[in-house]
Amino acid sequence: MGTATSPSPRKVRRLIAALVLGLAAASGACTTPAPGVSVADAGVFPTPTPGVSGTGGAAGRGVFGPGGAAGGGVFLGTGSINPPNFDTSVSAADPPPAISGGTLAILPDGVTAVAADPDRDTIAVVNLTTNALTANIALQPHDEPGRLVADGVGHVHVILRGGGALVTIDPVTGTILARRTACPIPRGVAYDPATDLVYVACMGGELVSFPAAGGAATRTLQLPRDLRDIVVDGNTLLVSQFRSAQVLVIDANGNVTSTIVPPVYGDQSARLGDTFTPSTAWRMRAQPGGGAILLHQRGTTGTVVIGGRGRPVPGGAGGAGGSVVGSSGYGSSDPCAGLVHPALTPITPGMSPPTTPPIPGMVLPVDFAISGDGNTVAVVAAGNAHNKSIQSLFVSHYSDVTDASHFSCCPDGVHGPTAVGTMINPVTCPSQPGRPLTCPQPMGEAEAVGFDGSNRIVVQTREPATIQIPEAGVVISLSDVSRADVGHEIFHANTGNGIACASCHMEGQEDGRTWNFDTEGPRRTMNVAGGISGRAPYHWDGGLASFSVLVTTVYNQRMGGPTLTGDQITAAQSWMNAIPRLPGVVSVPDAVTRGQAVFTDTTHGCALCHSGAQLTSNATNLNVGTGGTFKVPSLVGLAYTAPYLHDGCAATLSDRFGSCGGGDQHGVTSTLSQDQLSDLIAYLDSL
């Protein structure tokens, strides 16, 4: 129990500078500017003046006008004009989990907020009328509470990502009513009022049905792996898959009747027309009027230029309204020129989803919410918390962020937040007076968002632990326990070039994508969970000898991140080493045992290279017939890391033993019977 309090003075001092710098133009309620007010004036962040020279020196940081009256653009050199400010040097003794977002629920009464806190293993209940913390429910260590939903009688069901369970609480009394085993890695939850069932979606593909009133599960479906969120849509369930951003349509009998895939995107305003394909479905919620809306990333299929060479954007240095943007390799100072961007895609069974505009500049868009009247959308970007003058809360009209007729990438305050260092191109982003919404920004690391019964935006932050109503200036402290960890911050923070480590290694895992590099060719994102220190040298070719070299090459040079101190590099390595190894999938224990015998049989040679705790010898320059010489990769967490091999050519483990797997150069497996091969795959799934 408690009353509304402020964060500690230390935390306030740590955050207030970013708040003041970023929000000078945003005070009071979320408002629409008067007609005639420019986007630059209406938004939180101003655009630079053409021709103004920056002071970046050798690092290339700064803003340079291209010259010529017709130019009207900017040149942003390699590096970031908005690097993150890491406000702590602390490494937590018990490292906090990776950010997953979506841990806030506003109950149907419109005044009760329930916040799951995976960092402190608690569930908080807050009254948004009195601004009081009314309950703080302690869970077991490392339960890691996540998604939550209220049922028909007002009880709240919370999935425990670490505890493998569904816990039910009474928010009125602040007590735990039940704890039921769900699956090894629960992720999503939904309530169906027609059946009074609570559905739990799991990473392993289980979809479990529980009676809301209590008792054992009544049904468990086995669906494709990597399930994320659930939306109840009449008699149909819509279930998202995290890495692929696909949505499974499930009928009342538990059958998958169709799979909906967000469309590809391509426009000259984003990386000169590169094709972007969907991935990383951070959040799915019910759509006004039926169906769902999916907040997901899109990643480029174009060439990734390594080494910081500049990449032009439409118009060029001398073109009207054009600009030239220096790329850091993986990111760019122009939010429309980066490798990834988020989008909101409406999902309606039986219909092809529309291609919606990007929401540029929102790094790690871990949650969004739709207002009760269906008119307004709020998106929070966990990656932007440590960059001054970059928004972590973006608010716009629902019709604008889902407008299929607007293809352009526009950081115009309407389709994406206005960003420092970006000159809005008037050709692709015409002025829209009266459309931008301005809102005060939350303090701290935002991880979840909702709307209360008065359509006020409510934000949950993880560090410090608060519930905030930015437009009212309300900050309600949920805990005095700090979970600050600089390694955690480095991993999740926007480098200033529109990308974070967690953009591709979301939740400490990997995105399932194969990227096309100009000097290396296709390379599959590698898994970093389960102990990264034991896997040096790094990358597919083993060309990065140590973690420090990895930081310099990838974080500094390719991502454009700031130079880290030795202590910060150590802290980043320490936090990444704590990313947990996911439990393997064991469907048939006897098959796993038989498959292990095949794996360790020297006749086949699997264990000669894949040995030890990390299941790799770390040997380099090996040619196993897959198109080059590579380092032996780790097999840790193999069940969740399809597609396989350096170029992602094997969609499944079975395909790994097919035409692109290297044949008997890559382990002598041609002599295995189909049953033996199935047993071997069962064992690999269990790792």
# chains A, B, ... in the order shown; residues from 1 in each chain; ligands from 1
call {"tool": "closest_atom_pairs", "arguments": {"of": "stretch 447-518 of chain A", "to": "stretch 360-379 of chain A", "cutoff": "10 Å", "atoms": "only C-alpha atoms", "output": "Markdown table"}}
result
| residue | atom | partner | partner_atom | distance |
| --- | --- | --- | --- | --- |
| A:Glu447 | CA | A:Val366 | CA | 6.4 |
| A:Ala448 | CA | A:Asp367 | CA | 5.4 |
| A:Val449 | CA | A:Phe368 | CA | 6.0 |
| A:Gly450 | CA | A:Ala369 | CA | 5.1 |
| A:Phe451 | CA | A:Ser371 | CA | 5.6 |
| A:Asp452 | CA | A:Gly372 | CA | 8.1 |
| A:Gly453 | CA | A:Gly372 | CA | 7.3 |
| A:Ser454 | CA | A:Gly372 | CA | 8.4 |
| A:Asn455 | CA | A:Ser371 | CA | 5.8 |
| A:Arg456 | CA | A:Ser371 | CA | 8.3 |
| A:Ile457 | CA | A:Ala378 | CA | 7.5 |
| A:Val458 | CA | A:Ala378 | CA | 9.6 |
| A:Val459 | CA | A:Ala378 | CA | 9.7 |
| A:His492 | CA | A:Leu364 | CA | 7.7 |
| A:Ala493 | CA | A:Val363 | CA | 8.1 |
| A:Asn494 | CA | A:Val363 | CA | 6.2 |
| A:Thr495 | CA | A:Val363 | CA | 9.5 |
| A:Gly496 | CA | A:Gly361 | CA | 9.5 |
| A:Asn497 | CA | A:Gly361 | CA | 8.8 |
| A:Gly498 | CA | A:Gly361 | CA | 5.7 |
| A:Ile499 | CA | A:Val363 | CA | 6.1 |
| A:Ala500 | CA | A:Val363 | CA | 7.0 |
| A:Cys501 | CA | A:Leu364 | CA | 9.7 |
| A:Ala502 | CA | A:Leu364 | CA | 7.2 |
| A:Ser503 | CA | A:Leu364 | CA | 6.1 |
| A:Cys504 | CA | A:Leu364 | CA | 9.7 |
| A:Met506 | CA | A:Leu364 | CA | 8.2 |
call {"tool": "residues_around", "arguments": {"residues": "A:Leu645", "least_positions_apart": "5", "cutoff": "9 Å", "atoms": "only C-alpha atoms", "output": "ChimeraX atom specification"}}
result
/A:523-524,626,633,650,656,660-661
call {"tool": "atom_distance", "arguments": {"atom1": "atom CA of A:Leu148", "atom2": "atom CA of A:Thr103"}}
result
6.7 Å
call {"tool": "closest_residue", "arguments": {"among": "A:Pro95, A:Pro357, A:Gly566, A:Pro580", "to": "A:Val528", "atoms": "only C-alpha atoms"}}
result
A:Pro580
call {"tool": "residues_around", "arguments": {"residues": "stretch 182-192 of chain A", "least_positions_apart": "2", "cutoff": "7 Å", "atoms": "only C-alpha atoms", "output": "mmCIF file with all heavy atoms, in the first residue's frame"}}
result
data_model
loop_
_atom_site.group_PDB
_atom_site.id
_atom_site.type_symbol
_atom_site.label_atom_id
_atom_site.label_comp_id
_atom_site.auth_asym_id
_atom_site.auth_seq_id
_atom_site.Cartn_x
_atom_site.Cartn_y
_atom_site.Cartn_z
ATOM 1 N N ARG A 147 2.776 -10.142 -19.842
ATOM 2 C CA ARG A 147 1.456 -9.717 -20.294
ATOM 3 C C ARG A 147 0.397 -10.035 -19.243
ATOM 4 O O ARG A 147 0.517 -10.993 -18.470
ATOM 5 C CB ARG A 147 1.089 -10.430 -21.597
ATOM 6 C CG ARG A 147 2.069 -10.191 -22.738
ATOM 7 C CD ARG A 147 1.815 -8.841 -23.393
ATOM 8 N NE ARG A 147 2.369 -8.805 -24.730
ATOM 9 C CZ ARG A 147 3.546 -8.302 -25.058
ATOM 10 N NH1 ARG A 147 4.332 -7.809 -24.117
ATOM 11 N NH2 ARG A 147 3.954 -8.282 -26.321
ATOM 12 N N LEU A 148 -0.698 -9.262 -19.242
ATOM 13 C CA LEU A 148 -1.754 -9.445 -18.253
ATOM 14 C C LEU A 148 -3.091 -9.019 -18.833
ATOM 15 O O LEU A 148 -3.153 -8.196 -19.750
ATOM 16 C CB LEU A 148 -1.434 -8.673 -16.978
ATOM 17 C CG LEU A 148 -1.259 -7.160 -17.009
ATOM 18 C CD1 LEU A 148 -1.163 -6.627 -15.570
ATOM 19 C CD2 LEU A 148 -0.009 -6.702 -17.751
ATOM 20 N N VAL A 149 -4.178 -9.613 -18.289
ATOM 21 C CA VAL A 149 -5.512 -9.330 -18.806
ATOM 22 C C VAL A 149 -6.522 -9.505 -17.683
ATOM 23 O O VAL A 149 -6.353 -10.350 -16.799
ATOM 24 C CB VAL A 149 -5.844 -10.269 -19.993
ATOM 25 C CG1 VAL A 149 -5.998 -11.710 -19.541
ATOM 26 C CG2 VAL A 149 -7.092 -9.803 -20.736
ATOM 27 N N ASP A 151 -10.427 -10.435 -16.372
ATOM 28 C CA ASP A 151 -11.543 -11.285 -16.793
ATOM 29 C C ASP A 151 -12.870 -10.617 -16.464
ATOM 30 O O ASP A 151 -12.917 -9.441 -16.068
ATOM 31 C CB ASP A 151 -11.425 -12.683 -16.186
ATOM 32 C CG ASP A 151 -11.557 -12.696 -14.658
ATOM 33 O OD1 ASP A 151 -12.094 -11.728 -14.087
ATOM 34 O OD2 ASP A 151 -11.128 -13.690 -14.037
ATOM 35 N N ILE A 159 0.915 -13.629 -16.994
ATOM 36 C CA ILE A 159 1.826 -14.720 -17.330
ATOM 37 C C ILE A 159 3.174 -14.458 -16.672
ATOM 38 O O ILE A 159 3.624 -13.313 -16.535
ATOM 39 C CB ILE A 159 1.981 -14.895 -18.857
ATOM 40 C CG1 ILE A 159 2.455 -13.605 -19.521
ATOM 41 C CG2 ILE A 159 0.690 -15.353 -19.484
ATOM 42 C CD1 ILE A 159 3.774 -13.736 -20.210
ATOM 43 N N LEU A 160 3.817 -15.540 -16.235
ATOM 44 C CA LEU A 160 5.136 -15.469 -15.604
ATOM 45 C C LEU A 160 6.135 -16.081 -16.577
ATOM 46 O O LEU A 160 6.250 -17.300 -16.686
ATOM 47 C CB LEU A 160 5.137 -16.210 -14.274
ATOM 48 C CG LEU A 160 4.060 -15.779 -13.261
ATOM 49 C CD1 LEU A 160 4.187 -16.585 -11.970
ATOM 50 C CD2 LEU A 160 4.152 -14.274 -12.971
ATOM 51 N N ARG A 161 6.864 -15.221 -17.282
ATOM 52 C CA ARG A 161 7.777 -15.698 -18.321
ATOM 53 C C ARG A 161 8.899 -16.547 -17.743
ATOM 54 O O ARG A 161 9.370 -17.491 -18.373
ATOM 55 C CB ARG A 161 8.357 -14.501 -19.085
ATOM 56 C CG ARG A 161 7.327 -13.752 -19.917
ATOM 57 C CD ARG A 161 7.899 -12.445 -20.443
ATOM 58 N NE ARG A 161 9.053 -12.653 -21.306
ATOM 59 C CZ ARG A 161 9.019 -12.536 -22.632
ATOM 60 N NH1 ARG A 161 7.888 -12.234 -23.252
ATOM 61 N NH2 ARG A 161 10.110 -12.719 -23.350
ATOM 62 N N GLY A 162 9.354 -16.203 -16.555
ATOM 63 C CA GLY A 162 10.412 -16.982 -15.923
ATOM 64 C C GLY A 162 9.891 -18.144 -15.119
ATOM 65 O O GLY A 162 10.559 -19.173 -14.979
ATOM 66 N N GLY A 164 7.080 -19.873 -15.769
ATOM 67 C CA GLY A 164 6.347 -20.852 -16.556
ATOM 68 C C GLY A 164 4.920 -21.052 -16.096
ATOM 69 O O GLY A 164 4.381 -22.158 -16.198
ATOM 70 N N ALA A 165 4.287 -19.995 -15.625
ATOM 71 C CA ALA A 165 2.972 -20.151 -14.992
ATOM 72 C C ALA A 165 2.051 -18.991 -15.342
ATOM 73 O O ALA A 165 2.464 -17.967 -15.901
ATOM 74 C CB ALA A 165 3.132 -20.260 -13.481
ATOM 75 N N LEU A 166 0.773 -19.174 -14.981
ATOM 76 C CA LEU A 166 -0.245 -18.133 -15.041
ATOM 77 C C LEU A 166 -0.671 -17.854 -13.612
ATOM 78 O O LEU A 166 -1.121 -18.758 -12.898
ATOM 79 C CB LEU A 166 -1.441 -18.596 -15.870
ATOM 80 C CG LEU A 166 -2.627 -17.624 -15.958
ATOM 81 C CD1 LEU A 166 -2.273 -16.416 -16.831
ATOM 82 C CD2 LEU A 166 -3.870 -18.333 -16.512
ATOM 83 N N ARG A 180 -1.007 -21.327 -11.692
ATOM 84 C CA ARG A 180 -1.170 -22.562 -12.458
ATOM 85 C C ARG A 180 -0.034 -22.710 -13.471
ATOM 86 O O ARG A 180 0.305 -21.755 -14.176
ATOM 87 C CB ARG A 180 -2.524 -22.545 -13.185
ATOM 88 C CG ARG A 180 -3.712 -22.632 -12.235
ATOM 89 C CD ARG A 180 -5.041 -22.446 -12.962
ATOM 90 N NE ARG A 180 -5.390 -21.049 -13.152
ATOM 91 C CZ ARG A 180 -6.525 -20.613 -13.695
ATOM 92 N NH1 ARG A 180 -7.419 -21.499 -14.117
ATOM 93 N NH2 ARG A 180 -6.770 -19.330 -13.821
ATOM 94 N N ALA A 194 -16.976 -14.876 -23.949
ATOM 95 C CA ALA A 194 -18.018 -15.804 -24.404
ATOM 96 C C ALA A 194 -17.848 -17.184 -23.787
ATOM 97 O O ALA A 194 -18.833 -17.886 -23.530
ATOM 98 C CB ALA A 194 -18.007 -15.900 -25.926
ATOM 99 N N THR A 195 -16.616 -17.596 -23.554
ATOM 100 C CA THR A 195 -16.342 -18.932 -22.998
ATOM 101 C C THR A 195 -15.806 -18.880 -21.583
ATOM 102 O O THR A 195 -15.651 -19.921 -20.940
ATOM 103 C CB THR A 195 -15.334 -19.668 -23.888
ATOM 104 O OG1 THR A 195 -14.109 -18.913 -23.930
ATOM 105 C CG2 THR A 195 -15.874 -19.837 -25.300
ATOM 106 N N ASP A 196 -15.513 -17.682 -21.079
ATOM 107 C CA ASP A 196 -14.895 -17.478 -19.766
ATOM 108 C C ASP A 196 -13.576 -18.256 -19.662
ATOM 109 O O ASP A 196 -13.261 -18.834 -18.630
ATOM 110 C CB ASP A 196 -15.843 -17.895 -18.634
ATOM 111 C CG ASP A 196 -15.445 -17.260 -17.290
ATOM 112 O OD1 ASP A 196 -14.925 -16.131 -17.308
ATOM 113 O OD2 ASP A 196 -15.638 -17.916 -16.241
ATOM 114 N N LEU A 197 -12.820 -18.227 -20.762
ATOM 115 C CA LEU A 197 -11.522 -18.893 -20.805
ATOM 116 C C LEU A 197 -10.407 -17.859 -20.903
ATOM 117 O O LEU A 197 -10.562 -16.794 -21.518
ATOM 118 C CB LEU A 197 -11.430 -19.831 -22.003
ATOM 119 C CG LEU A 197 -12.271 -21.115 -21.961
ATOM 120 C CD1 LEU A 197 -12.154 -21.852 -23.296
ATOM 121 C CD2 LEU A 197 -11.828 -22.019 -20.804
ATOM 122 N N VAL A 198 -9.286 -18.203 -20.292
ATOM 123 C CA VAL A 198 -8.056 -17.425 -20.427
ATOM 124 C C VAL A 198 -7.095 -18.235 -21.289
ATOM 125 O O VAL A 198 -6.826 -19.403 -20.994
ATOM 126 C CB VAL A 198 -7.417 -17.125 -19.058
ATOM 127 C CG1 VAL A 198 -6.087 -16.396 -19.226
ATOM 128 C CG2 VAL A 198 -8.365 -16.295 -18.194
ATOM 129 N N TYR A 199 -6.594 -17.620 -22.361
ATOM 130 C CA TYR A 199 -5.680 -18.303 -23.271
ATOM 131 C C TYR A 199 -4.251 -17.823 -23.008
ATOM 132 O O TYR A 199 -4.014 -16.620 -22.844
ATOM 133 C CB TYR A 199 -6.040 -18.008 -24.723
ATOM 134 C CG TYR A 199 -7.423 -18.463 -25.122
ATOM 135 C CD1 TYR A 199 -8.453 -17.543 -25.282
ATOM 136 C CD2 TYR A 199 -7.708 -19.804 -25.336
ATOM 137 C CE1 TYR A 199 -9.725 -17.940 -25.653
ATOM 138 C CE2 TYR A 199 -8.984 -20.221 -25.706
ATOM 139 C CZ TYR A 199 -9.983 -19.283 -25.858
ATOM 140 O OH TYR A 199 -11.250 -19.692 -26.222
ATOM 141 N N VAL A 200 -3.318 -18.759 -23.018
ATOM 142 C CA VAL A 200 -1.902 -18.441 -22.834
ATOM 143 C C VAL A 200 -1.136 -18.953 -24.050
ATOM 144 O O VAL A 200 -1.249 -20.131 -24.415
ATOM 145 C CB VAL A 200 -1.342 -19.077 -21.550
ATOM 146 C CG1 VAL A 200 0.162 -18.832 -21.436
ATOM 147 C CG2 VAL A 200 -2.059 -18.521 -20.321
ATOM 148 N N ALA A 201 -0.373 -18.059 -24.686
ATOM 149 C CA ALA A 201 0.459 -18.423 -25.837
ATOM 150 C C ALA A 201 1.905 -18.552 -25.383
ATOM 151 O O ALA A 201 2.393 -17.736 -24.595
ATOM 152 C CB ALA A 201 0.347 -17.367 -26.930
ATOM 153 N N CYS A 202 2.608 -19.552 -25.904
ATOM 154 C CA CYS A 202 3.942 -19.891 -25.417
ATOM 155 C C CYS A 202 4.965 -19.906 -26.544
ATOM 156 O O CYS A 202 4.636 -20.183 -27.709
ATOM 157 C CB CYS A 202 3.922 -21.254 -24.739
ATOM 158 S SG CYS A 202 2.664 -21.389 -23.430
ATOM 159 N N MET A 203 6.204 -19.660 -26.193
ATOM 160 C CA MET A 203 7.281 -19.649 -27.170
ATOM 161 C C MET A 203 7.451 -21.005 -27.846
ATOM 162 O O MET A 203 7.802 -21.085 -29.023
ATOM 163 C CB MET A 203 8.588 -19.225 -26.503
ATOM 164 C CG MET A 203 9.733 -18.987 -27.452
ATOM 165 S SD MET A 203 11.188 -18.336 -26.593
ATOM 166 C CE MET A 203 12.292 -18.052 -27.988
ATOM 167 N N GLY A 204 7.193 -22.073 -27.107
ATOM 168 C CA GLY A 204 7.329 -23.412 -27.659
ATOM 169 C C GLY A 204 6.199 -23.828 -28.573
ATOM 170 O O GLY A 204 6.213 -24.947 -29.105
ATOM 171 N N VAL A 208 -2.554 -22.664 -24.533
ATOM 172 C CA VAL A 208 -3.186 -23.336 -23.401
ATOM 173 C C VAL A 208 -4.445 -22.582 -22.992
ATOM 174 O O VAL A 208 -4.442 -21.352 -22.882
ATOM 175 C CB VAL A 208 -2.214 -23.430 -22.204
ATOM 176 C CG1 VAL A 208 -2.792 -24.328 -21.114
ATOM 177 C CG2 VAL A 208 -0.841 -23.950 -22.652
ATOM 178 N N ARG A 228 3.393 -15.291 -29.604
ATOM 179 C CA ARG A 228 3.585 -14.038 -28.870
ATOM 180 C C ARG A 228 2.285 -13.546 -28.230
ATOM 181 O O ARG A 228 2.040 -13.785 -27.064
ATOM 182 C CB ARG A 228 4.156 -12.992 -29.835
ATOM 183 C CG ARG A 228 4.455 -11.624 -29.216
ATOM 184 C CD ARG A 228 5.633 -11.651 -28.298
ATOM 185 N NE ARG A 228 6.079 -10.295 -27.962
ATOM 186 C CZ ARG A 228 7.176 -10.039 -27.276
ATOM 187 N NH1 ARG A 228 7.947 -11.019 -26.890
ATOM 188 N NH2 ARG A 228 7.520 -8.798 -26.985
ATOM 189 N N ASP A 229 1.438 -12.855 -28.989
ATOM 190 C CA ASP A 229 0.224 -12.246 -28.441
ATOM 191 C C ASP A 229 -1.020 -12.926 -28.989
ATOM 192 O O ASP A 229 -0.997 -13.570 -30.045
ATOM 193 C CB ASP A 229 0.166 -10.754 -28.781
ATOM 194 C CG ASP A 229 1.076 -9.918 -27.905
ATOM 195 O OD1 ASP A 229 1.026 -10.078 -26.676
ATOM 196 O OD2 ASP A 229 1.848 -9.113 -28.450
ATOM 197 N N ILE A 230 -2.132 -12.761 -28.262
ATOM 198 C CA ILE A 230 -3.418 -13.342 -28.638
ATOM 199 C C ILE A 230 -4.476 -12.244 -28.638
ATOM 200 O O ILE A 230 -4.527 -11.422 -27.713
ATOM 201 C CB ILE A 230 -3.865 -14.434 -27.643
ATOM 202 C CG1 ILE A 230 -2.719 -15.380 -27.296
ATOM 203 C CG2 ILE A 230 -5.060 -15.208 -28.183
ATOM 204 C CD1 ILE A 230 -3.008 -16.250 -26.095
ATOM 205 N N VAL A 231 -5.314 -12.242 -29.665
ATOM 206 C CA VAL A 231 -6.495 -11.382 -29.702
ATOM 207 C C VAL A 231 -7.706 -12.270 -29.950
ATOM 208 O O VAL A 231 -7.706 -13.089 -30.882
ATOM 209 C CB VAL A 231 -6.377 -10.304 -30.795
ATOM 210 C CG1 VAL A 231 -7.735 -9.648 -31.063
ATOM 211 C CG2 VAL A 231 -5.353 -9.246 -30.401
ATOM 212 N N VAL A 232 -8.728 -12.137 -29.111
ATOM 213 C CA VAL A 232 -9.987 -12.850 -29.309
ATOM 214 C C VAL A 232 -10.847 -12.018 -30.248
ATOM 215 O O VAL A 232 -11.176 -10.863 -29.965
ATOM 216 C CB VAL A 232 -10.714 -13.069 -27.966
ATOM 217 C CG1 VAL A 232 -12.060 -13.748 -28.200
ATOM 218 C CG2 VAL A 232 -9.847 -13.892 -27.018
#
call {"tool": "closest_residue", "arguments": {"among": "A:Ser634, A:Gln614, A:Ser574, A:Ser479", "to": "A:Leu133", "atoms": "only C-alpha atoms"}}
result
A:Ser479
call {"tool": "select_by_dssp", "arguments": {"residues": "stretch 280-488 of chain A", "states": "strand (DSSP E or B)", "output": "JSON, numbers by chain"}}
result
{"A": [280, 281, 282, 283, 284, 285, 286, 292, 293, 294, 295, 296, 297, 298, 299, 300, 303, 304, 310, 311, 312, 313, 315, 323, 324, 325, 326, 327, 332, 340, 341, 342, 343, 344, 345, 346, 347, 367, 368, 369, 370, 376, 377, 378, 379, 380, 393, 394, 395, 396, 397, 438, 446, 447, 448, 449, 450, 451, 457, 458, 459, 460, 461, 466, 467, 468, 469, 474, 475, 476, 477]}
call {"tool": "atom_distance", "arguments": {"atom1": "atom CA of A:Ala98", "atom2": "atom CA of A:Asp117"}}
result
12.1 Å
call {"tool": "select_by_dssp", "arguments": {"residues": "stretch 477-558 of chain A", "states": "alpha helix (DSSP H)", "output": "MDAnalysis selection string"}}
result
chainID A and resid 486:492 501:504 547:550
call {"tool": "residues_around", "arguments": {"residues": "A:Arg219", "least_positions_apart": "4", "cutoff": "9 Å", "atoms": "only C-alpha atoms", "output": "list in words"}}
result
Leu207, Val208, Ser209 and Phe210 of chain A
call {"tool": "closest_residue", "arguments": {"among": "A:Asp267, A:Asp647, A:Asp233, A:Glu510", "to": "A:Ser279", "atoms": "only C-alpha atoms"}}
result
A:Glu510
call {"tool": "closest_residue", "arguments": {"among": "A:Leu564, A:Cys649, A:Leu107, A:Leu237", "to": "A:Gly627", "atoms": "only C-alpha atoms"}}
result
A:Cys649
call {"tool": "closest_residue", "arguments": {"among": "A:Ile490, A:Val598, A:Asn127, A:Thr220", "to": "A:Ile467", "atoms": "only C-alpha atoms"}}
result
A:Asn127
